[in-house]
Amino acid sequence: MVPRGCPLEVVPTSTAADEHRGMFRAHRASTRTDRAWRFAAPLLVACLLASAGAATPAAVAADSSGAVAALRAQQLKAEADMRRADRQIAKLSRLRRSHTRLVQQAGRRLDAAVARKGKVRQRALKAHRRLDELELRLARATRVRPDPKGRQAADAPRLRKTVRTQRAKVRQAETKLRKAQRVVERARDLKQSRRGKPTKVRLVKRAAERERAEARLSSAITAMSTLARERAGRARAAGSSRLARPVKGKVSQAYGCTGGRYNPRRGSCAHFHDGLDLAAKAGTKVRAPAPGVVAYVGFNPWDQGARAYVVIIEHTRGVQTVYAHLAPKRMVRAGARVERGDVIGRVGMTGTTTGPHVHWEVRRNGVSVDPLRAGR
């Protein structure tokens with residue numbers, strides 16, 4: 001879908017007279033008269049046609065197959081650059097998401113190691129307190145003179161054994177604490193190593209390349225639309241004034257306001273659907289609703305995210321039709337003339353869509369109109 005108000009630049013096409021005049025200047029200094037005459041002859045013919053009023057320079061440019069081929073090649077190259085940038089950005093985005101997951105995993109691992117180290121430290125402190133208590137009791141038992149019944153003298157050997165056992169537990173707890181500290185340090189180093197952003201610079205660079213490719217493709221589409229509009233304007237309008245439906249199917253979304261009521265004070269609604277969605281089986285043929293000239297066939301440069309495969313046709317009286325979400329098969333090519341009923345594509349699911357359908361959009365002199373009420 002081509003949004004309204006897109007900042008597009010029209011690429012001016014050189015007229016046939018300018019082209020021939022440039023050729024004549026480039027070869028005027030040549031000493032070979034046959035080459036000079038070969039390049040000067042088209043200039044003379046163009047001048048005669050202009051003086052006789054048989055064709056204007058714009059008409060000559062519009063009829064030039066070289067201009068159509070050049071614009072078509074420009075469109076294909078810009079579209080290829082845009083698609084390549086899309087693939088690179090998608091790959092870098094996957095790497096970025098994977099890197100983010102690794103950083104999150106390293107963070108969780110570090111948190112778990114710190115928590116385990118805290119528990120080990122608590123057990124070590126508890127063992128140290130128990131050892132201090134036992135050593136204090138042993139010191140008291142060895143210093144105090146035995147009572148008449150000999151209880152303290154009998155407790156001393158047992159306390160010494162208990163103290164030795166507790167010291168072994170303390171050494172074991174300290175060993176576990178040192179291991180836990182090493183685990184924490186390794187987890188912290190891992191998180192620090194994965195905290196970097198190795199794909200950020202490349203993502204910014206690829207995004208800039210994609211924007212430039214989108215701008216070039218938009219300019220090429222605008223120029224081709226202007227050229228196709230001139231070529232279609234010279235053709236005689238035939239048949240009914242209403243446009244035929246491009247595909248037989250159920251209207252899944254109508255033209256106009258969706259997602260909320262129309263607010264007359266603001267003059268807008270929550271979302272305005274500037275086309276007509278016709279649901280049909282995938283692979284169904286999409287036909288031209290009226291005679292015209294194809295301006296563009298390819299992926300939409302104005303889409304955000306997933307790109308829809310679109311066909312743009314220029315008709316007479318300033319009518320332009322757009323067909324989106326088609327299958328990525330080039331049934332027609334830019335610059336070709338189509339008649340009413342000619343197959344221009346097949347129903348697909350490209351772009352952001354929940355099912356196979358065709359988004360049919362009609363514009364008259366650049367203004368979106370309801371396709372069901374659009375007449376030529």
# chains A, B, ... in the order shown; residues from 1 in each chain; ligands from 1

call {"tool": "select_by_dssp", "arguments": {"residues": "stretch 100-267 of chain A", "states": "strand (DSSP E)", "output": "JSON, numbers by chain"}}
result
{"A": [250, 251, 252, 253, 256, 257, 258]}

call {"tool": "atom_distance", "arguments": {"atom1": "atom CA of A:Glu214", "atom2": "atom CA of A:Thr350"}}
result
17.8 Å

call {"tool": "atom_distance", "arguments": {"atom1": "atom CA of A:Val183", "atom2": "atom CA of A:Arg109"}}
result
9.5 Å

call {"tool": "residues_around", "arguments": {"residues": "stretch 338-341 of chain A", "least_positions_apart": "3", "cutoff": "9 Å", "atoms": "only C-alpha atoms", "output": "PyMOL selection string"}}
result
chain A and resi 239+244+246+286-294+313+332+344

call {"tool": "write_last_selection", "arguments": {"atoms": "N, CA and C atoms", "output": "CSV table (one decimal), in the first residue's frame"}}
result
chain,number,residue,atom,x,y,z
A,239,GLY,N,-14.7,0.9,-23.0
A,239,GLY,CA,-15.5,0.1,-22.1
A,239,GLY,C,-16.2,1.0,-21.1
A,244,ALA,N,-13.6,-2.7,-13.1
A,244,ALA,CA,-14.0,-4.0,-12.7
A,244,ALA,C,-13.2,-4.5,-11.5
A,246,PRO,N,-10.7,-6.6,-9.6
A,246,PRO,CA,-9.5,-7.4,-10.1
A,246,PRO,C,-9.6,-8.9,-9.8
A,286,VAL,N,-5.2,-12.4,-10.6
A,286,VAL,CA,-5.6,-11.0,-10.4
A,286,VAL,C,-5.6,-10.3,-11.8
A,287,ARG,N,-6.7,-9.7,-12.2
A,287,ARG,CA,-6.8,-9.2,-13.5
A,287,ARG,C,-6.9,-7.6,-13.5
A,288,ALA,N,-6.5,-7.0,-14.6
A,288,ALA,CA,-6.5,-5.6,-14.7
A,288,ALA,C,-8.0,-5.1,-14.8
A,289,PRO,N,-8.4,-4.1,-14.0
A,289,PRO,CA,-9.8,-3.7,-14.1
A,289,PRO,C,-10.1,-2.8,-15.3
A,290,ALA,N,-9.1,-2.3,-16.0
A,290,ALA,CA,-9.2,-1.4,-17.1
A,290,ALA,C,-7.9,-1.3,-17.8
A,291,PRO,N,-7.9,-0.8,-19.1
A,291,PRO,CA,-6.7,-0.6,-19.8
A,291,PRO,C,-5.8,0.4,-19.1
A,292,GLY,N,-4.5,0.2,-19.2
A,292,GLY,CA,-3.5,1.0,-18.6
A,292,GLY,C,-2.1,0.6,-18.9
A,293,VAL,N,-1.1,1.3,-18.3
A,293,VAL,CA,0.3,1.0,-18.4
A,293,VAL,C,0.8,0.7,-17.0
A,294,VAL,N,1.6,-0.4,-16.9
A,294,VAL,CA,2.2,-0.8,-15.7
A,294,VAL,C,3.3,0.1,-15.3
A,313,ILE,N,-0.6,0.3,-11.6
A,313,ILE,CA,-1.0,0.6,-13.0
A,313,ILE,C,-1.5,2.0,-13.1
A,332,VAL,N,3.6,-9.5,-15.0
A,332,VAL,CA,3.7,-8.4,-15.9
A,332,VAL,C,5.0,-7.7,-15.6
A,344,ILE,N,-2.5,-9.8,-14.2
A,344,ILE,CA,-1.3,-9.0,-13.7
A,344,ILE,C,-0.6,-9.6,-12.5

call {"tool": "select_by_dssp", "arguments": {"residues": "stretch 130-363 of chain A", "states": "alpha helix (DSSP H)", "output": "VMD selection string"}}
result
chain A and resid 130 to 143 151 to 194 200 to 233

call {"tool": "write_last_selection", "arguments": {"atoms": "C-alpha atoms", "output": "short mmCIF file (atom, residue, chain, number, x, y, z; two decimals), in the first residue's frame"}}
result
data_model
loop_
_atom_site.label_atom_id
_atom_site.label_comp_id
_atom_site.auth_asym_id
_atom_site.auth_seq_id
_atom_site.Cartn_x
_atom_site.Cartn_y
_atom_site.Cartn_z
CA ARG A 130 30.55 -23.18 66.04
CA LEU A 131 34.33 -23.70 66.03
CA ASP A 132 34.88 -20.61 68.18
CA GLU A 133 32.28 -21.87 70.64
CA LEU A 134 33.86 -25.32 70.87
CA GLU A 135 37.38 -23.90 71.27
CA LEU A 136 36.13 -21.69 74.08
CA ARG A 137 34.55 -24.66 75.85
CA LEU A 138 37.74 -26.70 75.39
CA ALA A 139 39.85 -23.90 76.87
CA ARG A 140 37.58 -23.69 79.88
CA ALA A 141 37.66 -27.47 80.36
CA THR A 142 41.46 -27.62 80.31
CA ARG A 143 41.96 -24.60 82.60
CA ARG A 151 33.15 -34.56 84.84
CA GLN A 152 35.22 -31.78 83.36
CA ALA A 153 38.31 -33.94 83.09
CA ALA A 154 36.27 -36.51 81.23
CA ASP A 155 34.80 -33.85 78.87
CA ALA A 156 38.20 -32.56 77.68
CA PRO A 157 39.14 -35.49 75.32
CA ARG A 158 35.65 -35.49 73.79
CA LEU A 159 35.80 -31.75 73.25
CA ARG A 160 39.22 -32.04 71.58
CA LYS A 161 37.79 -34.59 69.15
CA THR A 162 34.78 -32.40 68.48
CA VAL A 163 37.02 -29.40 67.87
CA ARG A 164 39.10 -31.36 65.36
CA THR A 165 35.95 -32.40 63.54
CA GLN A 166 34.65 -28.84 63.50
CA ARG A 167 37.95 -27.51 62.16
CA ALA A 168 37.69 -29.99 59.29
CA LYS A 169 34.19 -28.69 58.58
CA VAL A 170 35.47 -25.11 58.60
CA ARG A 171 38.24 -25.96 56.14
CA GLN A 172 35.69 -27.68 53.90
CA ALA A 173 33.37 -24.65 54.08
CA GLU A 174 36.25 -22.29 53.22
CA THR A 175 37.17 -24.48 50.23
CA LYS A 176 33.57 -24.34 48.97
CA LEU A 177 33.55 -20.58 49.50
CA ARG A 178 36.70 -20.15 47.38
CA LYS A 179 35.16 -22.32 44.64
CA ALA A 180 31.98 -20.25 44.74
CA GLN A 181 34.05 -17.08 44.45
CA ARG A 182 35.81 -18.43 41.36
CA VAL A 183 32.44 -19.35 39.82
CA VAL A 184 31.18 -15.83 40.46
CA GLU A 185 34.28 -14.30 38.88
CA ARG A 186 33.97 -16.49 35.79
CA ALA A 187 30.26 -15.64 35.46
CA ARG A 188 31.04 -11.93 35.85
CA ASP A 189 33.77 -12.10 33.18
CA LEU A 190 31.38 -13.94 30.85
CA LYS A 191 28.71 -11.30 31.28
CA GLN A 192 31.22 -8.51 30.70
CA SER A 193 32.47 -10.16 27.50
CA ARG A 194 28.93 -10.56 26.18
CA LYS A 200 24.90 -2.04 16.52
CA VAL A 201 27.24 -0.23 14.11
CA ARG A 202 26.48 -2.65 11.31
CA LEU A 203 22.75 -2.36 11.90
CA VAL A 204 22.91 1.43 11.65
CA LYS A 205 24.96 1.19 8.46
CA ARG A 206 22.60 -1.31 6.83
CA ALA A 207 19.58 0.74 7.86
CA ALA A 208 21.09 3.80 6.15
CA GLU A 209 21.75 1.74 3.02
CA ARG A 210 18.17 0.51 3.03
CA GLU A 211 16.81 4.05 3.38
CA ARG A 212 18.90 5.19 0.43
CA ALA A 213 17.70 2.23 -1.66
CA GLU A 214 14.09 2.97 -0.68
CA ALA A 215 14.52 6.60 -1.70
CA ARG A 216 16.00 5.60 -5.07
CA LEU A 217 13.23 3.11 -5.69
CA SER A 218 10.57 5.66 -4.71
CA SER A 219 12.04 8.18 -7.14
CA ALA A 220 12.17 5.57 -9.90
CA ILE A 221 8.55 4.55 -9.25
CA THR A 222 7.46 8.18 -9.35
CA ALA A 223 9.28 8.78 -12.62
CA MET A 224 7.89 5.60 -14.12
CA SER A 225 4.39 6.51 -12.95
CA THR A 226 4.69 9.90 -14.64
CA LEU A 227 5.89 8.23 -17.83
CA ALA A 228 3.16 5.57 -17.69
CA ARG A 229 0.52 8.25 -17.02
CA GLU A 230 1.59 10.12 -20.15
CA ARG A 231 1.50 6.96 -22.23
CA ALA A 232 -1.88 5.90 -20.84
CA GLY A 233 -3.31 9.39 -21.29
#

call {"tool": "atom_distance", "arguments": {"atom1": "atom CA of A:Val297", "atom2": "atom CA of A:Ser252"}}
result
24.0 Å

call {"tool": "closest_atom_pairs", "arguments": {"of": "stretch 306-326 of chain A", "to": "stretch 365-374 of chain A", "cutoff": "9 Å", "atoms": "only C-alpha atoms", "output": "Markdown table"}}
result
| residue | atom | partner | partner_atom | distance |
| --- | --- | --- | --- | --- |
| A:Arg317 | CA | A:Asn365 | CA | 8.1 |
| A:Gly318 | CA | A:Asn365 | CA | 5.0 |
| A:Val319 | CA | A:Asn365 | CA | 6.4 |
| A:Gln320 | CA | A:Gly366 | CA | 7.9 |
| A:Thr321 | CA | A:Pro371 | CA | 8.9 |

call {"tool": "closest_atom_pairs", "arguments": {"of": "stretch 293-364 of chain A", "to": "stretch 81-92 of chain A", "cutoff": "12 Å", "atoms": "only C-alpha atoms", "output": "CSV"}}
result
residue,atom,partner,partner_atom,distance
A:Gly298,CA,A:Arg83,CA,10.4
A:Phe299,CA,A:Arg83,CA,8.3
A:Asn300,CA,A:Met82,CA,10.0
A:Pro301,CA,A:Met82,CA,7.8
A:Trp302,CA,A:Met82,CA,11.1
A:Asp303,CA,A:Asp86,CA,11.6
A:Gln304,CA,A:Asp86,CA,10.9
A:Gly305,CA,A:Asp86,CA,9.0
A:Ala306,CA,A:Asp86,CA,9.2
A:Arg307,CA,A:Arg83,CA,9.3
A:Ala308,CA,A:Arg83,CA,11.8
A:Tyr309,CA,A:Arg83,CA,11.8

call {"tool": "residues_around", "arguments": {"residues": "stretch 322-331 of chain A", "least_positions_apart": "6", "cutoff": "8 Å", "atoms": "only C-alpha atoms", "output": "MDAnalysis selection string"}}
result
chainID A and resid 1:2 283 297:298 308:313 343:351 353 356:362

call {"tool": "write_last_selection", "arguments": {"atoms": "N, CA and C atoms", "output": "short mmCIF file (atom, residue, chain, number, x, y, z; two decimals), in the first residue's frame"}}
result
data_model
loop_
_atom_site.label_atom_id
_atom_site.label_comp_id
_atom_site.auth_asym_id
_atom_site.auth_seq_id
_atom_site.Cartn_x
_atom_site.Cartn_y
_atom_site.Cartn_z
N MET A 1 0.84 -1.20 0.00
CA MET A 1 0.00 0.00 0.00
C MET A 1 0.87 1.24 0.00
N VAL A 2 0.57 2.16 -0.86
CA VAL A 2 1.34 3.38 -0.94
C VAL A 2 0.69 4.43 -0.07
N GLY A 283 -3.20 -18.00 -5.03
CA GLY A 283 -2.95 -18.41 -6.41
C GLY A 283 -4.01 -17.98 -7.39
N VAL A 297 6.30 -3.12 -10.68
CA VAL A 297 6.04 -4.48 -10.24
C VAL A 297 7.19 -4.87 -9.31
N GLY A 298 6.89 -5.11 -8.05
CA GLY A 298 7.94 -5.49 -7.11
C GLY A 298 7.50 -5.28 -5.67
N ALA A 308 5.12 -6.02 1.16
CA ALA A 308 4.12 -6.62 0.27
C ALA A 308 4.60 -6.50 -1.18
N TYR A 309 4.25 -7.51 -1.96
CA TYR A 309 4.55 -7.49 -3.40
C TYR A 309 3.40 -6.77 -4.09
N VAL A 310 3.70 -5.71 -4.82
CA VAL A 310 2.66 -4.83 -5.36
C VAL A 310 2.81 -4.68 -6.87
N VAL A 311 1.71 -4.31 -7.49
CA VAL A 311 1.66 -3.92 -8.90
C VAL A 311 0.94 -2.57 -8.96
N ILE A 312 1.54 -1.61 -9.64
CA ILE A 312 0.95 -0.26 -9.81
C ILE A 312 0.67 -0.04 -11.28
N ILE A 313 -0.55 0.35 -11.60
CA ILE A 313 -0.97 0.57 -12.99
C ILE A 313 -1.52 1.98 -13.10
N VAL A 343 -4.23 -10.77 -17.02
CA VAL A 343 -3.70 -11.25 -15.74
C VAL A 343 -2.46 -10.44 -15.39
N ILE A 344 -2.45 -9.84 -14.20
CA ILE A 344 -1.31 -9.03 -13.75
C ILE A 344 -0.61 -9.65 -12.55
N GLY A 345 -1.20 -10.68 -11.95
CA GLY A 345 -0.57 -11.31 -10.79
C GLY A 345 -1.47 -12.37 -10.21
N ARG A 346 -1.06 -12.89 -9.06
CA ARG A 346 -1.83 -13.92 -8.36
C ARG A 346 -1.92 -13.57 -6.88
N VAL A 347 -3.01 -14.00 -6.26
CA VAL A 347 -3.24 -13.72 -4.85
C VAL A 347 -2.16 -14.40 -4.02
N GLY A 348 -1.61 -13.65 -3.06
CA GLY A 348 -0.57 -14.18 -2.18
C GLY A 348 -0.75 -13.71 -0.75
N MET A 349 0.33 -13.83 0.02
CA MET A 349 0.30 -13.43 1.43
C MET A 349 1.57 -12.67 1.79
N THR A 350 2.10 -11.88 0.87
CA THR A 350 3.30 -11.11 1.18
C THR A 350 2.94 -9.90 2.02
N GLY A 351 3.92 -9.45 2.80
CA GLY A 351 3.67 -8.30 3.66
C GLY A 351 2.99 -8.73 4.95
N THR A 353 -0.08 -9.63 6.70
CA THR A 353 -1.42 -10.08 6.38
C THR A 353 -1.74 -11.33 7.19
N PRO A 356 -4.70 -14.96 2.71
CA PRO A 356 -4.55 -14.56 1.30
C PRO A 356 -5.65 -13.60 0.87
N HIS A 357 -5.26 -12.47 0.39
CA HIS A 357 -6.20 -11.48 -0.12
C HIS A 357 -5.44 -10.47 -0.97
N VAL A 358 -6.19 -9.60 -1.63
CA VAL A 358 -5.62 -8.53 -2.45
C VAL A 358 -6.09 -7.20 -1.89
N HIS A 359 -5.13 -6.34 -1.60
CA HIS A 359 -5.46 -4.98 -1.20
C HIS A 359 -5.53 -4.15 -2.48
N TRP A 360 -6.74 -3.71 -2.82
CA TRP A 360 -6.96 -2.96 -4.06
C TRP A 360 -7.17 -1.51 -3.70
N GLU A 361 -6.32 -0.67 -4.23
CA GLU A 361 -6.36 0.75 -3.93
C GLU A 361 -6.51 1.54 -5.22
N VAL A 362 -7.35 2.56 -5.21
CA VAL A 362 -7.60 3.40 -6.38
C VAL A 362 -7.34 4.85 -5.99
#
